[in-house]
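*Asks:* Take a look at structure-v6.pdb, PDB, C-alpha atoms:
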```pdb
ATOM      1  CA  MET A  26      63.529  -2.389 149.748  1.00  0.00           C
ATOM      2  CA  ASP A  27      66.884  -3.673 150.932  1.00  0.00           C
ATOM      3  CA  VAL A  28      68.986  -1.250 148.846  1.00  0.00           C
ATOM      4  CA  VAL A  29      68.124   1.880 150.826  1.00  0.00           C
ATOM      5  CA  CYS A  30      69.616   3.409 153.958  1.00  0.00           C
ATOM      6  CA  CYS A  31      69.394   6.700 155.842  1.00  0.00           C
ATOM      7  CA  PRO A  32      70.608   9.505 153.520  1.00  0.00           C
ATOM      8  CA  LEU A  33      72.162  11.335 156.478  1.00  0.00           C
ATOM      9  CA  ASP A  34      74.287   8.672 158.183  1.00  0.00           C
ATOM     10  CA  LYS A  35      73.857   5.566 155.909  1.00  0.00           C
ATOM     11  CA  ALA A  36      72.501   3.533 158.842  1.00  0.00           C
ATOM     12  CA  ASP A  37      69.807   0.826 158.529  1.00  0.00           C
ATOM     13  CA  LEU A  38      66.140   1.777 158.337  1.00  0.00           C
ATOM     14  CA  ASP A  39      63.281   0.167 160.278  1.00  0.00           C
ATOM     15  CA  LEU A  40      60.066  -0.299 158.328  1.00  0.00           C
ATOM     16  CA  ASP A  41      56.603   0.354 159.784  1.00  0.00           C
ATOM     17  CA  VAL A  42      53.802  -0.638 157.417  1.00  0.00           C
ATOM     18  CA  ASP A  43      50.491   1.255 157.509  1.00  0.00           C
ATOM     19  CA  ASP A  44      48.985  -0.164 154.325  1.00  0.00           C
ATOM     20  CA  ARG A  45      50.054  -2.940 151.992  1.00  0.00           C
ATOM     21  CA  ASP A  46      48.785  -4.640 148.839  1.00  0.00           C
ATOM     22  CA  GLY A  47      50.250  -8.151 148.859  1.00  0.00           C
ATOM     23  CA  GLU A  48      54.022  -7.726 148.594  1.00  0.00           C
ATOM     24  CA  GLU A  49      53.904  -4.012 147.881  1.00  0.00           C
ATOM     25  CA  ILE A  50      54.017  -1.526 150.749  1.00  0.00           C
ATOM     26  CA  LEU A  51      51.674   1.341 149.886  1.00  0.00           C
ATOM     27  CA  ALA A  52      52.069   3.485 152.973  1.00  0.00           C
ATOM     28  CA  GLY A  53      54.340   3.458 155.949  1.00  0.00           C
ATOM     29  CA  THR A  54      57.434   4.915 157.530  1.00  0.00           C
ATOM     30  CA  LEU A  55      61.132   4.143 157.331  1.00  0.00           C
ATOM     31  CA  THR A  56      62.935   5.170 160.514  1.00  0.00           C
ATOM     32  CA  CYS A  57      66.692   5.422 160.895  1.00  0.00           C
ATOM     33  CA  THR A  58      68.040   3.064 163.544  1.00  0.00           C
ATOM     34  CA  GLU A  59      70.830   5.554 164.340  1.00  0.00           C
ATOM     35  CA  CYS A  60      69.500   9.115 164.189  1.00  0.00           C
ATOM     36  CA  GLY A  61      65.765   8.380 164.430  1.00  0.00           C
ATOM     37  CA  GLU A  62      64.861  10.479 161.376  1.00  0.00           C
ATOM     38  CA  ALA A  63      61.598   9.219 159.815  1.00  0.00           C
ATOM     39  CA  TYR A  64      61.008   8.968 156.056  1.00  0.00           C
ATOM     40  CA  PRO A  65      57.488   8.559 154.673  1.00  0.00           C
ATOM     41  CA  ILE A  66      56.316   5.977 152.122  1.00  0.00           C
ATOM     42  CA  GLU A  67      53.333   7.336 150.163  1.00  0.00           C
ATOM     43  CA  ASP A  68      51.581   5.674 147.208  1.00  0.00           C
ATOM     44  CA  GLY A  69      54.229   2.965 147.396  1.00  0.00           C
ATOM     45  CA  ILE A  70      57.092   5.460 146.951  1.00  0.00           C
ATOM     46  CA  PRO A  71      59.606   6.100 149.743  1.00  0.00           C
ATOM     47  CA  ASN A  72      60.707   9.713 150.110  1.00  0.00           C
ATOM     48  CA  LEU A  73      64.324   9.497 151.217  1.00  0.00           C
ATOM     49  CA  LEU A  74      65.248  13.142 150.853  1.00  0.00           C
ATOM     50  CA  PRO A  75      66.995  14.570 153.904  1.00  0.00           C
ATOM     51  CA  PRO A  76      64.484  16.611 155.964  1.00  0.00           C
ATOM     52  CA  ASP A  77      65.646  20.064 154.780  1.00  0.00           C
ATOM     53  CA  MET A  78      65.258  19.091 151.104  1.00  0.00           C
ATOM     54  CA  ARG A  79      61.959  17.305 151.717  1.00  0.00           C
ATOM     55  CA  GLU A  80      60.303  20.534 152.919  1.00  0.00           C
ATOM     56  CA  GLU A  81      61.535  22.352 149.834  1.00  0.00           C
ATOM     57  CA  ALA A  82      60.416  19.600 147.461  1.00  0.00           C
ATOM     58  CA  THR A  83      56.829  19.441 148.704  1.00  0.00           C
ATOM     59  CA  ALA A  84      56.361  23.228 148.795  1.00  0.00           C
TER
ATOM     60  CA  MET B   5      35.146   5.736 145.206  1.00  0.00           C
ATOM     61  CA  THR B   6      33.914   4.453 141.836  1.00  0.00           C
ATOM     62  CA  GLY B   7      36.179   3.215 139.087  1.00  0.00           C
ATOM     63  CA  ASP B   8      35.413   6.342 137.038  1.00  0.00           C
ATOM     64  CA  ASP B   9      36.460   8.648 139.846  1.00  0.00           C
ATOM     65  CA  ARG B  10      39.701   6.796 140.201  1.00  0.00           C
ATOM     66  CA  ASP B  11      40.391   7.019 136.458  1.00  0.00           C
ATOM     67  CA  SER B  12      39.758  10.732 136.152  1.00  0.00           C
ATOM     68  CA  GLY B  13      41.862  11.350 139.251  1.00  0.00           C
ATOM     69  CA  LEU B  14      44.676   9.394 137.658  1.00  0.00           C
ATOM     70  CA  ALA B  15      44.350  11.224 134.340  1.00  0.00           C
ATOM     71  CA  GLU B  16      44.454  14.560 136.089  1.00  0.00           C
ATOM     72  CA  ARG B  17      47.452  13.574 138.157  1.00  0.00           C
ATOM     73  CA  ARG B  18      49.220  12.292 135.055  1.00  0.00           C
ATOM     74  CA  GLY B  19      48.603  15.609 133.285  1.00  0.00           C
ATOM     75  CA  VAL B  20      50.275  17.478 136.114  1.00  0.00           C
ATOM     76  CA  ASP B  21      53.137  14.976 136.258  1.00  0.00           C
ATOM     77  CA  ASP B  22      53.779  15.230 132.495  1.00  0.00           C
ATOM     78  CA  ALA B  23      54.080  19.013 132.710  1.00  0.00           C
ATOM     79  CA  VAL B  24      56.760  18.905 135.396  1.00  0.00           C
ATOM     80  CA  VAL B  25      58.662  15.716 134.514  1.00  0.00           C
ATOM     81  CA  TYR B  26      61.349  15.402 131.819  1.00  0.00           C
ATOM     82  CA  GLN B  27      59.952  13.173 129.062  1.00  0.00           C
ATOM     83  CA  PRO B  28      62.071  10.773 126.955  1.00  0.00           C
ATOM     84  CA  ALA B  29      64.211  12.433 124.249  1.00  0.00           C
ATOM     85  CA  GLU B  30      67.267  11.559 122.094  1.00  0.00           C
ATOM     86  CA  ASP B  31      69.542  11.385 125.145  1.00  0.00           C
ATOM     87  CA  SER B  32      67.146   8.957 126.829  1.00  0.00           C
ATOM     88  CA  GLY B  33      67.161   6.716 123.749  1.00  0.00           C
ATOM     89  CA  LEU B  34      70.936   6.621 123.671  1.00  0.00           C
ATOM     90  CA  LEU B  35      71.235   5.808 127.382  1.00  0.00           C
ATOM     91  CA  ALA B  36      68.626   3.052 127.005  1.00  0.00           C
ATOM     92  CA  GLU B  37      70.564   1.567 124.063  1.00  0.00           C
ATOM     93  CA  ALA B  38      73.790   1.437 126.088  1.00  0.00           C
ATOM     94  CA  ALA B  39      72.050   0.128 129.190  1.00  0.00           C
ATOM     95  CA  ILE B  40      70.162  -2.641 127.377  1.00  0.00           C
ATOM     96  CA  ASP B  41      73.530  -3.753 125.985  1.00  0.00           C
ATOM     97  CA  ARG B  42      75.608  -3.521 129.170  1.00  0.00           C
ATOM     98  CA  ALA B  43      73.405  -3.590 132.287  1.00  0.00           C
ATOM     99  CA  HIS B  44      73.683  -6.544 134.633  1.00  0.00           C
ATOM    100  CA  GLY B  45      72.523  -7.504 138.090  1.00  0.00           C
ATOM    101  CA  ARG B  46      70.706  -4.962 140.172  1.00  0.00           C
ATOM    102  CA  VAL B  47      70.211  -1.649 138.375  1.00  0.00           C
ATOM    103  CA  LEU B  48      69.741   1.925 139.605  1.00  0.00           C
ATOM    104  CA  GLU B  49      68.801   4.781 137.332  1.00  0.00           C
ATOM    105  CA  VAL B  50      69.560   8.129 138.984  1.00  0.00           C
ATOM    106  CA  GLY B  51      67.402  11.050 137.821  1.00  0.00           C
ATOM    107  CA  THR B  52      64.994   8.651 136.162  1.00  0.00           C
ATOM    108  CA  GLY B  53      62.503  11.395 135.135  1.00  0.00           C
ATOM    109  CA  SER B  54      59.573   9.693 133.417  1.00  0.00           C
ATOM    110  CA  GLY B  55      61.124   6.296 134.178  1.00  0.00           C
ATOM    111  CA  TRP B  56      61.248   5.401 130.481  1.00  0.00           C
ATOM    112  CA  VAL B  57      64.928   4.336 130.379  1.00  0.00           C
ATOM    113  CA  ALA B  58      64.537   2.294 133.567  1.00  0.00           C
ATOM    114  CA  GLN B  59      61.472   0.617 132.093  1.00  0.00           C
ATOM    115  CA  GLN B  60      63.343  -0.270 128.866  1.00  0.00           C
ATOM    116  CA  ILE B  61      66.072  -1.967 130.920  1.00  0.00           C
ATOM    117  CA  ALA B  62      63.532  -3.852 133.031  1.00  0.00           C
ATOM    118  CA  ASP B  63      61.499  -4.958 129.991  1.00  0.00           C
ATOM    119  CA  GLU B  64      64.333  -5.818 127.581  1.00  0.00           C
ATOM    120  CA  ARG B  65      66.668  -7.442 130.097  1.00  0.00           C
ATOM    121  CA  GLY B  66      64.328  -8.686 132.824  1.00  0.00           C
ATOM    122  CA  LEU B  67      66.444  -6.990 135.502  1.00  0.00           C
ATOM    123  CA  ASP B  68      65.315  -5.382 138.764  1.00  0.00           C
ATOM    124  CA  VAL B  69      65.493  -1.631 138.283  1.00  0.00           C
ATOM    125  CA  VAL B  70      65.185   1.133 140.856  1.00  0.00           C
ATOM    126  CA  GLY B  71      64.457   4.618 139.503  1.00  0.00           C
ATOM    127  CA  SER B  72      65.271   7.577 141.739  1.00  0.00           C
ATOM    128  CA  ASP B  73      64.542  11.241 141.244  1.00  0.00           C
ATOM    129  CA  LEU B  74      64.568  14.426 143.304  1.00  0.00           C
ATOM    130  CA  ASN B  75      61.150  15.206 141.830  1.00  0.00           C
ATOM    131  CA  PRO B  76      58.288  13.289 143.490  1.00  0.00           C
ATOM    132  CA  HIS B  77      56.185  13.651 140.317  1.00  0.00           C
ATOM    133  CA  ALA B  78      58.940  11.820 138.416  1.00  0.00           C
ATOM    134  CA  ALA B  79      59.241   9.054 141.009  1.00  0.00           C
ATOM    135  CA  ARG B  80      55.490   8.540 140.660  1.00  0.00           C
ATOM    136  CA  GLN B  81      55.644   8.333 136.849  1.00  0.00           C
ATOM    137  CA  ALA B  82      58.479   5.818 137.092  1.00  0.00           C
ATOM    138  CA  SER B  83      56.466   3.818 139.577  1.00  0.00           C
ATOM    139  CA  GLU B  84      53.479   3.777 137.190  1.00  0.00           C
ATOM    140  CA  ARG B  85      55.792   2.223 134.583  1.00  0.00           C
ATOM    141  CA  GLY B  86      56.516  -0.656 136.929  1.00  0.00           C
ATOM    142  CA  VAL B  87      59.914   0.654 138.056  1.00  0.00           C
ATOM    143  CA  GLU B  88      60.631   0.830 141.787  1.00  0.00           C
ATOM    144  CA  GLY B  89      60.378   4.590 142.339  1.00  0.00           C
ATOM    145  CA  VAL B  90      62.277   6.395 145.097  1.00  0.00           C
ATOM    146  CA  VAL B  91      62.491  10.123 145.878  1.00  0.00           C
ATOM    147  CA  ALA B  92      66.167  10.804 146.533  1.00  0.00           C
ATOM    148  CA  ASN B  93      68.968  13.311 146.181  1.00  0.00           C
ATOM    149  CA  LEU B  94      71.427  11.590 143.807  1.00  0.00           C
ATOM    150  CA  LEU B  95      72.888   8.513 145.558  1.00  0.00           C
ATOM    151  CA  SER B  96      72.523   9.587 149.188  1.00  0.00           C
ATOM    152  CA  PRO B  97      69.974   6.982 150.427  1.00  0.00           C
ATOM    153  CA  PHE B  98      71.484   3.922 148.715  1.00  0.00           C
ATOM    154  CA  ARG B  99      73.566   1.321 150.471  1.00  0.00           C
ATOM    155  CA  ALA B 100      77.214   0.574 149.817  1.00  0.00           C
ATOM    156  CA  ASN B 101      77.743  -2.074 147.083  1.00  0.00           C
ATOM    157  CA  ALA B 102      73.988  -2.207 146.423  1.00  0.00           C
ATOM    158  CA  PHE B 103      74.031  -1.966 142.614  1.00  0.00           C
ATOM    159  CA  ASP B 104      75.807  -3.742 139.734  1.00  0.00           C
ATOM    160  CA  THR B 105      74.770  -1.081 137.235  1.00  0.00           C
ATOM    161  CA  VAL B 106      74.148   2.635 137.812  1.00  0.00           C
ATOM    162  CA  CYS B 107      72.788   4.754 134.931  1.00  0.00           C
ATOM    163  CA  PHE B 108      72.642   8.545 134.917  1.00  0.00           C
ATOM    164  CA  ASN B 109      71.482  11.038 132.302  1.00  0.00           C
ATOM    165  CA  PRO B 110      72.336  14.137 134.311  1.00  0.00           C
ATOM    166  CA  PRO B 111      70.838  17.585 133.936  1.00  0.00           C
ATOM    167  CA  TYR B 112      73.691  18.971 131.880  1.00  0.00           C
ATOM    168  CA  LEU B 113      72.828  22.250 130.181  1.00  0.00           C
ATOM    169  CA  PRO B 114      75.173  25.024 131.282  1.00  0.00           C
ATOM    170  CA  THR B 115      72.944  27.709 132.758  1.00  0.00           C
ATOM    171  CA  ASP B 116      73.655  31.346 133.506  1.00  0.00           C
ATOM    172  CA  PRO B 117      72.977  31.810 137.254  1.00  0.00           C
ATOM    173  CA  ASP B 118      70.942  34.955 136.455  1.00  0.00           C
ATOM    174  CA  ASN B 119      68.788  32.829 134.221  1.00  0.00           C
ATOM    175  CA  GLU B 120      67.907  29.992 136.570  1.00  0.00           C
ATOM    176  CA  TRP B 121      64.154  29.572 136.525  1.00  0.00           C
ATOM    177  CA  ASP B 122      63.754  27.422 139.653  1.00  0.00           C
ATOM    178  CA  ASP B 123      61.096  24.844 138.926  1.00  0.00           C
ATOM    179  CA  TRP B 124      61.049  21.065 138.348  1.00  0.00           C
ATOM    180  CA  MET B 125      61.994  21.415 134.667  1.00  0.00           C
ATOM    181  CA  GLU B 126      65.038  23.472 135.585  1.00  0.00           C
ATOM    182  CA  HIS B 127      66.123  20.765 138.009  1.00  0.00           C
ATOM    183  CA  ALA B 128      65.739  18.281 135.142  1.00  0.00           C
ATOM    184  CA  LEU B 129      67.768  20.272 132.614  1.00  0.00           C
ATOM    185  CA  SER B 130      70.217  22.631 134.255  1.00  0.00           C
ATOM    186  CA  GLY B 131      73.700  21.529 135.202  1.00  0.00           C
ATOM    187  CA  GLY B 132      74.501  24.901 136.735  1.00  0.00           C
ATOM    188  CA  GLU B 133      77.002  27.343 135.301  1.00  0.00           C
ATOM    189  CA  SER B 134      79.491  24.642 134.236  1.00  0.00           C
ATOM    190  CA  GLY B 135      76.863  22.093 133.206  1.00  0.00           C
ATOM    191  CA  ARG B 136      78.673  19.667 135.529  1.00  0.00           C
ATOM    192  CA  GLU B 137      77.254  20.622 138.916  1.00  0.00           C
ATOM    193  CA  LEU B 138      75.470  17.284 139.365  1.00  0.00           C
ATOM    194  CA  ILE B 139      78.068  15.162 137.591  1.00  0.00           C
ATOM    195  CA  GLU B 140      80.708  16.053 140.208  1.00  0.00           C
ATOM    196  CA  PRO B 141      78.813  14.952 143.356  1.00  0.00           C
ATOM    197  CA  PHE B 142      77.505  11.912 141.448  1.00  0.00           C
ATOM    198  CA  LEU B 143      81.030  10.768 140.569  1.00  0.00           C
ATOM    199  CA  ASP B 144      82.207  11.462 144.131  1.00  0.00           C
ATOM    200  CA  ASP B 145      79.648   9.033 145.590  1.00  0.00           C
ATOM    201  CA  VAL B 146      78.948   6.421 142.886  1.00  0.00           C
ATOM    202  CA  GLY B 147      81.928   4.254 143.858  1.00  0.00           C
ATOM    203  CA  ARG B 148      80.285   3.706 147.244  1.00  0.00           C
ATOM    204  CA  VAL B 149      77.014   2.215 145.955  1.00  0.00           C
ATOM    205  CA  LEU B 150      78.618   0.257 143.105  1.00  0.00           C
ATOM    206  CA  ALA B 151      79.338  -3.458 143.582  1.00  0.00           C
ATOM    207  CA  PRO B 152      82.975  -4.509 142.958  1.00  0.00           C
ATOM    208  CA  ASP B 153      82.480  -5.577 139.309  1.00  0.00           C
ATOM    209  CA  GLY B 154      79.861  -2.904 138.663  1.00  0.00           C
ATOM    210  CA  VAL B 155      79.511  -0.542 135.722  1.00  0.00           C
ATOM    211  CA  VAL B 156      78.363   3.078 135.579  1.00  0.00           C
ATOM    212  CA  LEU B 157      76.702   4.353 132.403  1.00  0.00           C
ATOM    213  CA  LEU B 158      76.943   8.142 132.264  1.00  0.00           C
ATOM    214  CA  LEU B 159      75.523  10.276 129.466  1.00  0.00           C
ATOM    215  CA  VAL B 160      77.753  13.180 128.487  1.00  0.00           C
ATOM    216  CA  SER B 161      76.955  15.998 126.065  1.00  0.00           C
ATOM    217  CA  SER B 162      79.591  17.979 124.212  1.00  0.00           C
ATOM    218  CA  LEU B 163      77.789  21.040 125.660  1.00  0.00           C
ATOM    219  CA  THR B 164      78.886  19.917 129.119  1.00  0.00           C
ATOM    220  CA  GLY B 165      82.543  19.556 128.155  1.00  0.00           C
ATOM    221  CA  TYR B 166      83.557  16.006 127.244  1.00  0.00           C
ATOM    222  CA  ASP B 167      87.221  16.348 128.255  1.00  0.00           C
ATOM    223  CA  GLU B 168      86.333  18.029 131.539  1.00  0.00           C
ATOM    224  CA  VAL B 169      83.990  15.145 132.399  1.00  0.00           C
ATOM    225  CA  LEU B 170      86.699  12.605 131.485  1.00  0.00           C
ATOM    226  CA  GLU B 171      89.004  14.354 133.939  1.00  0.00           C
ATOM    227  CA  LEU B 172      86.391  14.145 136.713  1.00  0.00           C
ATOM    228  CA  VAL B 173      85.898  10.461 135.898  1.00  0.00           C
ATOM    229  CA  ALA B 174      89.630   9.762 136.212  1.00  0.00           C
ATOM    230  CA  ASP B 175      89.812  11.757 139.475  1.00  0.00           C
ATOM    231  CA  ALA B 176      87.012   9.572 140.875  1.00  0.00           C
ATOM    232  CA  GLY B 177      89.110   6.458 140.132  1.00  0.00           C
ATOM    233  CA  PHE B 178      87.286   5.156 137.077  1.00  0.00           C
ATOM    234  CA  ALA B 179      88.408   4.136 133.617  1.00  0.00           C
ATOM    235  CA  ALA B 180      86.032   5.325 130.879  1.00  0.00           C
ATOM    236  CA  GLU B 181      85.170   3.808 127.540  1.00  0.00           C
ATOM    237  CA  PRO B 182      82.541   5.197 125.123  1.00  0.00           C
ATOM    238  CA  ALA B 183      79.639   2.737 124.869  1.00  0.00           C
ATOM    239  CA  VAL B 184      77.583   4.590 122.248  1.00  0.00           C
ATOM    240  CA  GLU B 185      77.887   7.982 120.608  1.00  0.00           C
ATOM    241  CA  GLU B 186      75.636  10.034 118.361  1.00  0.00           C
ATOM    242  CA  SER B 187      75.959  13.487 116.825  1.00  0.00           C
ATOM    243  CA  PHE B 188      73.099  15.966 116.590  1.00  0.00           C
ATOM    244  CA  PRO B 189      73.111  19.449 115.034  1.00  0.00           C
ATOM    245  CA  PHE B 190      73.969  21.207 118.312  1.00  0.00           C
ATOM    246  CA  GLU B 191      75.696  18.566 120.378  1.00  0.00           C
ATOM    247  CA  THR B 192      77.337  15.170 120.413  1.00  0.00           C
ATOM    248  CA  LEU B 193      76.014  12.742 122.995  1.00  0.00           C
ATOM    249  CA  THR B 194      78.174   9.957 124.383  1.00  0.00           C
ATOM    250  CA  VAL B 195      77.344   7.284 126.917  1.00  0.00           C
ATOM    251  CA  LEU B 196      80.496   6.472 128.858  1.00  0.00           C
ATOM    252  CA  ALA B 197      80.879   3.069 130.521  1.00  0.00           C
ATOM    253  CA  LEU B 198      82.905   3.536 133.714  1.00  0.00           C
ATOM    254  CA  ARG B 199      84.674   0.777 135.608  1.00  0.00           C
ATOM    255  CA  ARG B 200      86.939   0.964 138.626  1.00  0.00           C
ATOM    256  CA  GLU B 201      90.597   1.250 137.698  1.00  0.00           C
TER
END
```
Represent the supplied structure as structure tokens.
*Replies:*
Amino acid sequence: MDVVCCPLDKADLDLDVDDRDGEEILAGTLTCTECGEAYPIEDGIPNLLPPDMREEATA
Amino acid sequence: MTGDDRDSGLAERRGVDDAVVYQPAEDSGLLAEAAIDRAHGRVLEVGTGSGWVAQQIADERGLDVVGSDLNPHAARQASERGVEGVVANLLSPFRANAFDTVCFNPPYLPTDPDNEWDDWMEHALSGGESGRELIEPFLDDVGRVLAPDGVVLLLVSSLTGYDEVLELVADAGFAAEPAVEESFPFETLTVLALRRE
């Protein structure tokens, strides 16, 4: 998805694909090219919450 | 895994999602009406909840729509409706100038801090003590992600303070025009169309 960036510093994200179904990326990781923070993609949905909010949201 | 297993797993998951995700109501209908009329280009719906409004825009206008929500259950429901679901805090992970249309039906009910109930439904409904606690940071950042000729469609309830929201809109550098308005017994809902001044 070319509309997303790192929520912390707005830098570009690198995509690593673990599982895909044609065009759709089902699982993988988006990693910030600046700060190195990694954001998971699960069930085709990227979780781009900053790390402190991500912990809270999955609890 | 058999097909049956998959189906019952999905049904179960959907049951959980429905219980913790804001489902379409009058405000959703009004925002969809305004958005179907005015959306163009690439569309983002912030706080998409069930994804119903985003889906209406995608279906009626054939536009690409991203639906974001703080609640992962909501992002999943939106995704099941064919919307591109993203888990996000307001506009923070979206690029500058990425969207031509940004829609937002914010959690807007003024809530007594002693009465906050701290679950997904509260996040979907409560706008904090003023009712404007999410509208302010949204307006502060929306100019960044909006393309130069972009439009913001913001739902405002009279419960949230219409004039106070108009002031915040002006402070953020936008001109506001009511797109649609409807009165209900306890509140008047307005969708404001915002453009850069």
*Asks:* Give me, as a PyMOL selection string, the residues of chain B touching chain A, with the criterion being at most 8 Å (counting all atoms listed in the file).
*Replies:* chain B and resi 74-76+79-80+83+88-93+96-99+102
*Asks:* Since I can't run it myself right now, could you work out what the PyMOL selection byres ((chain B and resi 109-117) around 6) selects here and report it as a PDB file with C-alpha atoms, in the coordinates of the input?
*Replies:*
```pdb
ATOM      1  CA  PHE B 108      72.642   8.545 134.917  1.00  0.00           C
ATOM      2  CA  ASP B 118      70.942  34.955 136.455  1.00  0.00           C
ATOM      3  CA  ASN B 119      68.788  32.829 134.221  1.00  0.00           C
ATOM      4  CA  GLU B 120      67.907  29.992 136.570  1.00  0.00           C
ATOM      5  CA  ALA B 128      65.739  18.281 135.142  1.00  0.00           C
ATOM      6  CA  LEU B 129      67.768  20.272 132.614  1.00  0.00           C
ATOM      7  CA  SER B 130      70.217  22.631 134.255  1.00  0.00           C
ATOM      8  CA  GLY B 131      73.700  21.529 135.202  1.00  0.00           C
ATOM      9  CA  GLY B 132      74.501  24.901 136.735  1.00  0.00           C
ATOM     10  CA  GLU B 133      77.002  27.343 135.301  1.00  0.00           C
ATOM     11  CA  SER B 134      79.491  24.642 134.236  1.00  0.00           C
ATOM     12  CA  GLY B 135      76.863  22.093 133.206  1.00  0.00           C
ATOM     13  CA  LEU B 159      75.523  10.276 129.466  1.00  0.00           C
ATOM     14  CA  THR B 164      78.886  19.917 129.119  1.00  0.00           C
TER      15      THR B 164
END
```
*Asks:* Tell me, as a PyMOL selection string, which residues lie within 9 Å of Ala63 of chain A, counting all atoms listed in the file; anything in the same chain fewer than 4 positions away does not count.
*Replies:* chain A and resi 38+54-57+76
*Asks:* Report the residues retrieved by the PyMOL selection byres ((chain B and resi 27) around 9) from the displayed file, expressed as a PDB file with C-alpha atoms, in the coordinates of the input.
*Replies:*
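Okay, part-v7.pdb is ready:
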```
ATOM      1  CA  ASP B  22      53.779  15.230 132.495  1.00  0.00           C
ATOM      2  CA  VAL B  25      58.662  15.716 134.514  1.00  0.00           C
ATOM      3  CA  TYR B  26      61.349  15.402 131.819  1.00  0.00           C
ATOM      4  CA  PRO B  28      62.071  10.773 126.955  1.00  0.00           C
ATOM      5  CA  ALA B  29      64.211  12.433 124.249  1.00  0.00           C
ATOM      6  CA  SER B  32      67.146   8.957 126.829  1.00  0.00           C
ATOM      7  CA  GLY B  53      62.503  11.395 135.135  1.00  0.00           C
ATOM      8  CA  SER B  54      59.573   9.693 133.417  1.00  0.00           C
ATOM      9  CA  GLY B  55      61.124   6.296 134.178  1.00  0.00           C
ATOM     10  CA  TRP B  56      61.248   5.401 130.481  1.00  0.00           C
TER      11      TRP B  56
END
```
*Asks:* Would you work out the distance separating atom CA of Trp124 of chain B from atom CA of His77 of chain B, expressed in Å to one decimal?
*Replies:*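 Between these atoms lies a distance of 9.1 Å.
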*Asks:* Determine, counting all atoms listed in the file, which protein, DNA and RNA residues have an atom within 10 Å of an atom of Ala58 of chain B; residues of the same chain fewer than 5 positions away are not included. Present the result as a PyMOL selection string.
*Replies:* chain B and resi 32+35-36+39-40+47-50+52-53+63+67-72+82+85-89+107
*Asks:* For Glu201 of chain B, which of B:Asp153, B:Val184, B:Val169, B:Leu94 is the closest residue, counting all atoms listed in the file?
*Replies:*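 Under the stated criterion, the closest residue is B:Asp153.
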*Asks:* Care to translate the PyMOL selection byres ((chain B and resi 41) around 12) into actual residues of this file, as a ChimeraX atom specification?
*Replies:* /B:34-40,42-44,60-61,64-65,105,155,157,183-184,195,197
*Asks:* What is the atom CA of Glu140 of chain B-atom CA of Val173 of chain B distance in Å, reported with one decimal?
*Replies:*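 So the two atoms, atom CA of Glu140 of chain B and atom CA of Val173 of chain B, lie 8.8 Å apart.
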*Asks:* Separation of atom CA of Leu51 of chain A and atom CA of Asp77 of chain A, in Å?
*Replies:* 23.9 Å
*Asks:* Residues around (84.4, 1.5, 133.5), cut-off 7 Å, counting all atoms listed in the file - what are they as a PyMOL selection string?
*Replies:* chain B and resi 155-156+178-181+197-200
*Asks:* Taking all atoms listed in the file into account, name the residue in B:Ala23, B:Leu143, B:Glu30, B:Val149 that is nearest to Phe188 of chain B.
*Replies:*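 Ranked by minimum distance to Phe188 of chain B, first place goes to B:Glu30.
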*Asks:* Would you mind putting back N, CA and C atoms on segment 117-128 of chain B, then writing it out as an mmCIF file, in the coordinates of the input?
*Replies:*
```cif
data_model
loop_
_atom_site.group_PDB
_atom_site.id
_atom_site.type_symbol
_atom_site.label_atom_id
_atom_site.label_comp_id
_atom_site.auth_asym_id
_atom_site.auth_seq_id
_atom_site.Cartn_x
_atom_site.Cartn_y
_atom_site.Cartn_z
ATOM 1 N N PRO B 117 73.653 31.736 135.949
ATOM 2 C CA PRO B 117 72.977 31.810 137.254
ATOM 3 C C PRO B 117 71.870 32.859 137.291
ATOM 4 N N ASP B 118 72.000 33.931 136.486
ATOM 5 C CA ASP B 118 70.942 34.955 136.455
ATOM 6 C C ASP B 118 69.704 34.451 135.722
ATOM 7 N N ASN B 119 69.871 33.334 135.055
ATOM 8 C CA ASN B 119 68.788 32.829 134.221
ATOM 9 C C ASN B 119 68.131 31.576 134.773
ATOM 10 N N GLU B 120 68.502 31.190 135.992
ATOM 11 C CA GLU B 120 67.907 29.992 136.570
ATOM 12 C C GLU B 120 66.419 30.260 136.791
ATOM 13 N N TRP B 121 65.586 29.276 136.439
ATOM 14 C CA TRP B 121 64.154 29.572 136.525
ATOM 15 C C TRP B 121 63.453 28.832 137.668
ATOM 16 N N ASP B 122 64.203 27.974 138.400
ATOM 17 C CA ASP B 122 63.754 27.422 139.653
ATOM 18 C C ASP B 122 62.386 26.752 139.634
ATOM 19 N N ASP B 123 62.249 25.712 138.811
ATOM 20 C CA ASP B 123 61.096 24.844 138.926
ATOM 21 C C ASP B 123 61.577 23.422 138.608
ATOM 22 N N TRP B 124 60.626 22.462 138.540
ATOM 23 C CA TRP B 124 61.049 21.065 138.348
ATOM 24 C C TRP B 124 61.770 20.872 137.018
ATOM 25 N N MET B 125 61.338 21.593 135.957
ATOM 26 C CA MET B 125 61.994 21.415 134.667
ATOM 27 C C MET B 125 63.440 21.910 134.720
ATOM 28 N N GLU B 126 63.663 23.002 135.475
ATOM 29 C CA GLU B 126 65.038 23.472 135.585
ATOM 30 C C GLU B 126 65.906 22.418 136.267
ATOM 31 N N HIS B 127 65.371 21.817 137.337
ATOM 32 C CA HIS B 127 66.123 20.765 138.009
ATOM 33 C C HIS B 127 66.453 19.628 137.036
ATOM 34 N N ALA B 128 65.547 19.394 136.076
ATOM 35 C CA ALA B 128 65.739 18.281 135.142
ATOM 36 C C ALA B 128 66.738 18.608 134.044
#
```
